[in-house]
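Student: Structure file query-v8.txt, compact mmCIF, C-alpha atoms and all ligand atoms, is pasted below:
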# COMPACT_ATOMS: atom_id res chain seq x y z
CA MET J 1 -2.27 18.01 9.36
CA ALA J 2 -3.92 14.86 8.04
CA ILE J 3 -3.78 14.64 4.25
CA LEU J 4 -5.95 11.52 4.18
CA GLU J 5 -8.89 10.96 6.47
CA ALA J 6 -11.16 7.93 6.19
CA GLU J 7 -14.07 8.40 8.60
CA ASN J 8 -16.47 5.66 9.65
CA ILE J 9 -16.17 3.64 6.43
CA PHE J 10 -18.77 0.98 5.69
CA ALA J 11 -17.88 -0.96 2.55
CA GLY J 12 -17.90 -4.39 0.98
CA TYR J 13 -18.65 -6.52 -2.04
CA GLY J 14 -22.12 -6.54 -3.57
CA LYS J 15 -24.44 -6.49 -0.58
CA SER J 16 -21.99 -8.10 1.76
CA GLU J 17 -20.64 -5.56 4.23
CA ILE J 18 -17.03 -6.19 5.27
CA LEU J 19 -16.00 -2.88 6.86
CA HIS J 20 -18.33 -1.80 9.65
CA GLY J 21 -17.28 1.77 10.35
CA VAL J 22 -13.50 1.85 10.03
CA SER J 23 -11.62 5.10 10.56
CA MET J 24 -8.00 5.93 9.89
CA HIS J 25 -5.92 8.91 8.87
CA LEU J 26 -2.50 9.71 7.50
CA GLU J 27 -0.49 12.81 8.29
CA GLU J 28 1.59 14.31 5.52
CA GLY J 29 4.72 12.21 4.94
CA GLU J 30 3.79 9.59 7.52
CA ILE J 31 4.24 5.84 7.27
CA VAL J 32 1.34 3.94 8.82
CA THR J 33 0.99 0.18 9.16
CA ILE J 34 -2.34 -1.62 9.35
CA ILE J 35 -2.20 -5.05 10.94
CA GLY J 36 -4.81 -7.61 11.90
CA PRO J 37 -5.76 -11.24 11.37
CA ASN J 38 -6.49 -12.78 8.01
CA GLY J 39 -9.90 -11.70 6.75
CA ALA J 40 -10.06 -8.61 8.99
CA GLY J 41 -10.73 -6.39 5.99
CA LYS J 42 -7.30 -4.81 5.58
CA SER J 43 -7.14 -5.29 1.80
CA THR J 44 -10.78 -4.29 1.55
CA LEU J 45 -9.97 -0.99 3.29
CA LEU J 46 -7.25 -0.18 0.73
CA LYS J 47 -9.59 -1.09 -2.13
CA ALA J 48 -12.26 1.19 -0.64
CA ILE J 49 -9.81 4.07 -0.24
CA MET J 50 -8.58 3.54 -3.80
CA GLY J 51 -12.12 3.43 -5.20
CA TYR J 52 -12.22 -0.17 -6.42
CA ILE J 53 -15.22 -1.22 -4.33
CA SER J 54 -18.45 0.41 -3.21
CA ILE J 55 -18.49 2.52 -0.09
CA PHE J 56 -21.89 2.20 1.58
CA ASN J 57 -21.35 4.93 4.14
CA GLY J 58 -18.67 7.16 5.58
CA ILE J 59 -16.41 9.78 4.06
CA ILE J 60 -12.88 9.94 2.68
CA LEU J 61 -11.14 13.30 2.64
CA TRP J 62 -7.96 14.01 0.71
CA LYS J 63 -6.46 17.37 1.65
CA ALA J 64 -9.90 18.31 2.95
CA GLU J 65 -11.60 17.44 -0.39
CA ASP J 66 -14.40 14.87 -0.30
CA ILE J 67 -13.16 12.13 -2.62
CA THR J 68 -15.28 9.29 -1.24
CA TYR J 69 -16.90 8.40 -4.53
CA LEU J 70 -14.17 9.25 -7.03
CA ARG J 71 -12.98 6.59 -9.48
CA PRO J 72 -9.51 5.03 -9.09
CA ASP J 73 -8.15 6.98 -12.09
CA GLN J 74 -9.38 10.25 -10.57
CA LYS J 75 -7.66 9.29 -7.34
CA VAL J 76 -4.43 8.47 -9.18
CA ARG J 77 -4.57 11.95 -10.70
CA ARG J 78 -4.84 13.42 -7.22
CA GLY J 79 -1.75 11.55 -6.09
CA PHE J 80 -2.85 8.08 -5.01
CA GLY J 81 -0.59 5.11 -5.72
CA TYR J 82 -1.56 1.51 -5.00
CA VAL J 83 0.34 -1.76 -5.13
CA PRO J 84 -2.04 -4.71 -4.78
CA GLN J 85 -0.82 -7.88 -3.12
CA LEU J 86 -1.09 -9.96 -6.27
CA GLY J 87 -0.89 -9.01 -9.90
CA ASN J 88 1.11 -5.86 -9.32
CA VAL J 89 3.26 -6.38 -12.42
CA PHE J 90 2.66 -7.66 -15.96
CA PRO J 91 4.74 -10.87 -16.08
CA SER J 92 4.98 -11.04 -19.87
CA LEU J 93 6.23 -7.44 -20.23
CA SER J 94 9.81 -6.40 -19.60
CA VAL J 95 10.80 -4.43 -16.52
CA ARG J 96 11.10 -1.27 -18.62
CA GLU J 97 7.72 -1.86 -20.28
CA ASN J 98 6.13 -2.31 -16.87
CA LEU J 99 7.49 1.06 -15.82
CA GLU J 100 6.31 2.66 -19.06
CA MET J 101 2.80 1.31 -18.37
CA GLY J 102 2.94 2.81 -14.89
CA GLY J 103 3.72 6.21 -16.34
CA PHE J 104 1.39 6.20 -19.30
CA THR J 105 -0.67 9.08 -17.94
CA ALA J 106 2.41 11.26 -17.51
CA GLY J 107 3.61 11.67 -21.12
CA LYS J 108 6.81 10.52 -22.76
CA GLU J 109 9.40 12.82 -21.18
CA ALA J 110 8.05 12.48 -17.66
CA THR J 111 7.94 8.71 -18.15
CA GLU J 112 11.59 8.64 -19.20
CA ARG J 113 12.57 10.75 -16.15
CA GLY J 114 10.48 8.47 -13.94
CA ILE J 115 12.22 5.38 -15.30
CA GLN J 116 15.65 6.90 -14.60
CA LYS J 117 14.54 7.72 -11.04
CA ALA J 118 13.22 4.19 -10.58
CA PHE J 119 16.53 2.76 -11.76
CA GLU J 120 18.40 4.97 -9.27
CA LEU J 121 16.11 3.88 -6.48
CA PHE J 122 16.26 0.21 -7.49
CA PRO J 123 19.59 -0.52 -9.24
CA VAL J 124 18.57 -4.16 -9.53
CA LEU J 125 15.75 -3.10 -11.87
CA ALA J 126 18.20 -1.19 -14.07
CA GLU J 127 20.24 -4.37 -14.44
CA SER J 128 17.10 -6.30 -15.38
CA ALA J 129 15.49 -3.63 -17.58
CA LYS J 130 15.07 -5.96 -20.55
CA LYS J 131 14.07 -9.05 -18.61
CA LYS J 132 10.46 -10.14 -18.51
CA ALA J 133 8.91 -9.28 -15.14
CA GLY J 134 7.78 -12.90 -14.83
CA THR J 135 11.39 -14.05 -14.59
CA LEU J 136 12.20 -11.78 -11.60
CA SER J 137 12.56 -13.09 -8.06
CA GLY J 138 9.73 -12.40 -5.61
CA GLY J 139 11.59 -9.51 -4.01
CA GLN J 140 12.52 -7.93 -7.34
CA ARG J 141 8.94 -8.27 -8.50
CA GLN J 142 7.73 -6.46 -5.40
CA MET J 143 10.25 -3.70 -6.06
CA LEU J 144 9.04 -3.41 -9.64
CA GLY J 145 5.45 -3.18 -8.39
CA MET J 146 6.42 -0.29 -6.13
CA ALA J 147 8.55 1.39 -8.82
CA ARG J 148 5.60 1.16 -11.21
CA ALA J 149 3.29 2.85 -8.69
CA LEU J 150 5.90 5.59 -8.18
CA MET J 151 5.83 6.50 -11.88
CA THR J 152 2.89 8.85 -11.27
CA GLU J 153 4.80 10.52 -8.38
CA PRO J 154 2.15 9.71 -5.77
CA GLN J 155 1.82 11.59 -2.48
CA LEU J 156 0.13 8.55 -1.01
CA LEU J 157 1.48 5.07 -1.64
CA MET J 158 -0.62 2.11 -0.46
CA LEU J 159 1.15 -1.24 -0.24
CA ASP J 160 -0.83 -4.45 0.30
CA GLU J 161 1.43 -6.97 2.04
CA PRO J 162 4.68 -6.07 0.30
CA SER J 163 6.54 -8.88 2.05
CA ALA J 164 4.00 -11.67 1.46
CA GLY J 165 5.67 -14.91 0.45
CA LEU J 166 9.20 -13.52 0.66
CA ALA J 167 12.09 -15.07 2.58
CA PRO J 168 12.97 -13.10 5.75
CA LYS J 169 16.14 -11.62 4.24
CA VAL J 170 14.36 -10.50 1.11
CA SER J 171 11.50 -9.14 3.15
CA GLU J 172 14.00 -7.01 5.07
CA GLN J 173 15.35 -5.65 1.77
CA VAL J 174 11.83 -4.73 0.68
CA PHE J 175 11.28 -2.74 3.87
CA GLU J 176 14.64 -1.03 3.36
CA SER J 177 13.43 -0.06 -0.11
CA ILE J 178 10.21 1.29 1.34
CA GLN J 179 12.19 3.40 3.78
CA ASP J 180 14.37 4.57 0.90
CA ILE J 181 11.31 5.53 -1.15
CA HIS J 182 9.99 7.45 1.83
CA GLU J 183 13.25 9.35 2.37
CA LYS J 184 13.76 10.18 -1.30
CA THR J 185 10.20 11.07 -2.31
CA GLY J 186 8.58 12.14 0.96
CA THR J 187 5.41 10.29 -0.03
CA GLY J 188 2.98 9.21 2.68
CA ILE J 189 2.75 5.43 2.90
CA ILE J 190 0.11 3.01 4.16
CA ILE J 191 1.36 -0.56 4.56
CA ILE J 192 -0.75 -3.60 5.25
CA GLU J 193 1.18 -6.42 6.81
CA GLN J 194 0.82 -9.85 8.29
CA ASP J 195 4.50 -9.86 9.24
CA ALA J 196 4.05 -6.56 11.00
CA TYR J 197 7.30 -6.41 12.93
CA HIS J 198 9.49 -4.97 10.18
CA SER J 199 6.71 -2.79 8.92
CA LEU J 200 6.07 -1.21 12.32
CA ARG J 201 9.80 -0.64 12.73
CA ILE J 202 9.74 1.83 9.83
CA SER J 203 6.30 3.32 10.67
CA ASN J 204 5.16 6.33 12.66
CA ARG J 205 1.85 4.80 13.71
CA GLY J 206 -0.14 1.63 13.44
CA TYR J 207 -3.72 0.41 13.45
CA VAL J 208 -5.09 -2.99 14.39
CA LEU J 209 -8.16 -4.01 12.40
CA VAL J 210 -10.32 -6.93 13.52
CA MET J 211 -13.50 -8.18 11.84
CA GLY J 212 -14.00 -4.99 9.88
CA GLN J 213 -13.60 -2.68 12.86
CA ASN J 214 -10.89 -0.65 14.53
CA GLU J 215 -9.48 -2.61 17.44
CA PHE J 216 -6.53 -0.48 18.48
CA GLU J 217 -4.23 2.30 17.33
CA ASP J 218 -1.06 3.83 18.67
CA ARG J 219 2.40 5.04 17.81
CA ALA J 220 4.35 2.25 16.10
CA ASP J 221 7.02 2.08 18.81
CA LYS J 222 4.31 1.76 21.45
CA ILE J 223 2.59 -1.04 19.54
CA LEU J 224 5.91 -2.87 19.29
CA ALA J 225 6.34 -2.47 23.06
CA ASN J 226 2.76 -3.55 23.87
CA GLU J 227 2.86 -7.13 25.12
CA LYS J 228 -0.82 -7.86 24.60
CA ILE J 229 -0.79 -6.66 21.01
CA ARG J 230 2.51 -8.39 20.36
CA GLU J 231 1.18 -11.68 21.58
CA ALA J 232 -2.07 -11.40 19.67
CA TYR J 233 -0.86 -10.01 16.35
CA LEU J 234 2.91 -10.09 16.12
CA GLY J 235 3.63 -13.70 17.04
CA GLY J 236 4.75 -12.89 20.60
N1 LIG K 301 -13.72 -9.97 -4.08
C1 LIG K 301 -14.38 -10.34 -2.97
N2 LIG K 301 -15.69 -10.66 -3.01
C2 LIG K 301 -16.36 -11.02 -1.90
N3 LIG K 301 -15.82 -11.08 -0.67
C3 LIG K 301 -14.52 -10.76 -0.55
C4 LIG K 301 -13.72 -10.37 -1.70
N4 LIG K 301 -12.47 -10.12 -1.28
C5 LIG K 301 -12.47 -10.31 0.06
N5 LIG K 301 -13.69 -10.71 0.48
C6 LIG K 301 -14.06 -11.01 1.88
O1 LIG K 301 -13.83 -9.86 2.69
C7 LIG K 301 -13.34 -10.23 3.97
C8 LIG K 301 -12.07 -9.43 4.25
O2 LIG K 301 -11.08 -9.79 3.31
P1 LIG K 301 -9.74 -8.96 3.13
O3 LIG K 301 -10.04 -7.52 3.09
O4 LIG K 301 -9.02 -9.55 1.99
O5 LIG K 301 -9.02 -9.29 4.52
P2 LIG K 301 -7.48 -9.12 4.93
O6 LIG K 301 -6.80 -8.35 3.86
O7 LIG K 301 -7.53 -8.42 6.25
O8 LIG K 301 -6.94 -10.51 5.09
C9 LIG K 301 -13.13 -11.73 3.93
O9 LIG K 301 -14.22 -12.33 4.61
C10 LIG K 301 -13.16 -12.07 2.47
O10 LIG K 301 -13.70 -13.34 2.25
MG MG K 302 -5.27 -8.85 2.60
Render the structure in this file as structure tokens.
Ligand SMILES: Nc1ncnc2c1ncn2[C@@H]1O[C@H](COP(=O)(O)OP(=O)(O)O)[C@@H](O)[C@H]1O
Ligand SMILES: [Mg+2]

Tutor:
Amino acid sequence: MAILEAENIFAGYGKSEILHGVSMHLEEGEIVTIIGPNGAGKSTLLKAIMGYISIFNGIILWKAEDITYLRPDQKVRRGFGYVPQLGNVFPSLSVRENLEMGGFTAGKEATERGIQKAFELFPVLAESAKKKAGTLSGGQRQMLGMARALMTEPQLLMLDEPSAGLAPKVSEQVFESIQDIHEKTGTGIIIIEQDAYHSLRISNRGYVLVMGQNEFEDRADKILANEKIREAYLGG
């Protein structure tokens, strides 16, 4: 059963419409990758689902509840987690403080448990607990961003280009972490990616978004085997 269903979403900034009727869904525990050229509206779709921008038309259902117009904090309470592409950590706070901020809605004990879980999931963060987030490497910073989002124990984790700007080896580690998160928490995950190859490798399904509209969707393995799509969106 789909836990998230976004149906025919029209959304944008001010009066400027960027998404012209986009639909997607996520089954419980699935990993789904959304690919597409720069400017297609991928980040905009996540912001619309999360409640950061106005939805002009369409409907978003979460476990069959209409949540289209809920605020981001209301969506977090229902189990939404979101890691934006930029600014997903506070550089001047320590790793531990970043995690505490991520759990501030959960109370002190739950936060402490969450931090221990995060340190088990990302040992490198445990080693750097007292370091300022701004001194972390790009890959570590991305892991901290994800660990922070996990503090509220989301059932839906949305990741905006988790591998952006990372060296190929580091990018691979980030996708291994994402797979690890998935196995250990069972959370559903939506990943937006430019470098879609690794992302599709760990996904159940994928969507191609072009100019604010659905272009194509299929099982991830089929997308990876599709020559036309590979040539157009996965660098051949
Ligand atoms: N804050 C914003 N205000 C106005 N327009 C924006 C804003 N953010 C993105 N856009 C526009 O929305 C379109 C889609 O952008 P985006 O969703 O970031 O694409 P993608 O993530 O697929 O690269 C682009 O034309 C971009 O210029
Ligand atoms: Mg984007």

Student: Between J:Ala126, J:Ile223, J:Ala11, J:Leu166, which residue has the minimum interatomic distance to Tyr52 (chain J), considering all atoms listed in the file?

Tutor: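 Once distances to Tyr52 (chain J) are computed over all atoms listed in the file, the minimum belongs to J:Ala11.
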
Student: Would you kindly identify which residues have an atom no farther than 7 Å from (1.1, 7.0, -9.2), using only C-alpha atoms and the file's own coordinates, and write them out as a PDB file with C-alpha atoms, keeping the file's coordinate frame?

Tutor:
ATOM      1  CA  VAL J  76      -4.430   8.470  -9.180  1.00  0.00           C
ATOM      2  CA  GLY J  79      -1.750  11.550  -6.090  1.00  0.00           C
ATOM      3  CA  PHE J  80      -2.850   8.080  -5.010  1.00  0.00           C
ATOM      4  CA  GLY J  81      -0.590   5.110  -5.720  1.00  0.00           C
ATOM      5  CA  ALA J 149       3.290   2.850  -8.690  1.00  0.00           C
ATOM      6  CA  LEU J 150       5.900   5.590  -8.180  1.00  0.00           C
ATOM      7  CA  MET J 151       5.830   6.500 -11.880  1.00  0.00           C
ATOM      8  CA  THR J 152       2.890   8.850 -11.270  1.00  0.00           C
ATOM      9  CA  GLU J 153       4.800  10.520  -8.380  1.00  0.00           C
ATOM     10  CA  PRO J 154       2.150   9.710  -5.770  1.00  0.00           C
TER      11      PRO J 154
END

Student: Restrict the calculation to all atoms listed in the file, then for each residue of chain J with any atom at most 7 Å from an atom of ligand LIG 301 (chain K) give the closest atom pair and their distance in Å to one decimal, rows by chain and rising residue number, as a Markdown table.

Tutor:
| residue | atom | partner | partner_atom | distance |
| --- | --- | --- | --- | --- |
| J:Tyr13 | CA | K:LIG301 | C2 | 5.1 |
| J:Ile18 | CA | K:LIG301 | O1 | 5.5 |
| J:Gly36 | CA | K:LIG301 | O7 | 6.3 |
| J:Pro37 | CA | K:LIG301 | O7 | 6.1 |
| J:Asn38 | CA | K:LIG301 | O8 | 3.7 |
| J:Gly39 | CA | K:LIG301 | O5 | 3.4 |
| J:Ala40 | CA | K:LIG301 | O7 | 3.7 |
| J:Gly41 | CA | K:LIG301 | O3 | 3.2 |
| J:Lys42 | CA | K:LIG301 | O7 | 3.7 |
| J:Ser43 | CA | K:LIG301 | O6 | 3.7 |
| J:Thr44 | CA | K:LIG301 | O3 | 3.7 |
| J:Leu45 | CA | K:LIG301 | O3 | 6.5 |

Student: To one decimal place, how far is CA of Thr135 (chain J) from CA of Ala118 (chain J) in Å?

Tutor: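 Pair CA of Thr135 (chain J) / CA of Ala118 (chain J) returns 18.8 Å.
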
Student: So that I can see what lies close to Phe90 (chain J), please list as a PyMOL selection string the residues with an atom at most 9 Å from it, counting only C-alpha atoms and leaving out residues fewer than 4 positions away in the same chain.

Tutor: chain J and resi 94-95+97-98+132-134

Student: Using CA of Gly235 (chain J) and CA of Leu144 (chain J) as the two end points, give the distance in Å to one decimal.

Tutor: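 Computed distance, CA of Gly235 (chain J) to CA of Leu144 (chain J), equals 29.1 Å.
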
Student: How many Å separate CA of Ile31 (chain J) from CA of Ile189 (chain J)?

Tutor: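 A separation of 4.6 Å between them.
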
Student: Go through J:Glu5, J:Glu231, J:Glu217, J:Glu176 one by one, measure the shortest atom-to-atom distance of each to Glu65 (chain J) using all atoms listed in the file, and give the residue with the smallest value.

Tutor: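 For Glu65 (chain J), the nearest of the given residues is J:Glu5.
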
Student: Need to verify the contact set: Leu224 (chain J), 9 Å, all atoms listed in the file, exclusion of same-chain residues closer than 2 positions in sequence. Can you return it as a ChimeraX atom specification?

Tutor: /J:197,200-201,219-222,226-227,229-230,234

Student: Gly188 (chain J): which residues within 12 Å, counting all atoms listed in the file, same-chain residues fewer than 6 positions away excluded, as an MDAnalysis selection string?

Tutor: chainID J and resid 2:4 25:33 79:82 150 153:159 178:179 181:182 203:205

Student: Which residue out of J:Asn8, J:Gln116, J:Thr185, J:Gln74 has the minimum interatomic distance to Met50 (chain J) when all atoms listed in the file are used?

Tutor: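 Ranked by minimum distance to Met50 (chain J), first place goes to J:Gln74.
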
Student: Choose the residue, out of J:Ala48, J:Leu61, J:Met143, J:Ile192, that has the smallest atom-to-atom separation from ligand MG 302 (chain K); count only C-alpha atoms and all ligand atoms.

Tutor: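 Under the stated criterion, the closest residue is J:Ile192.
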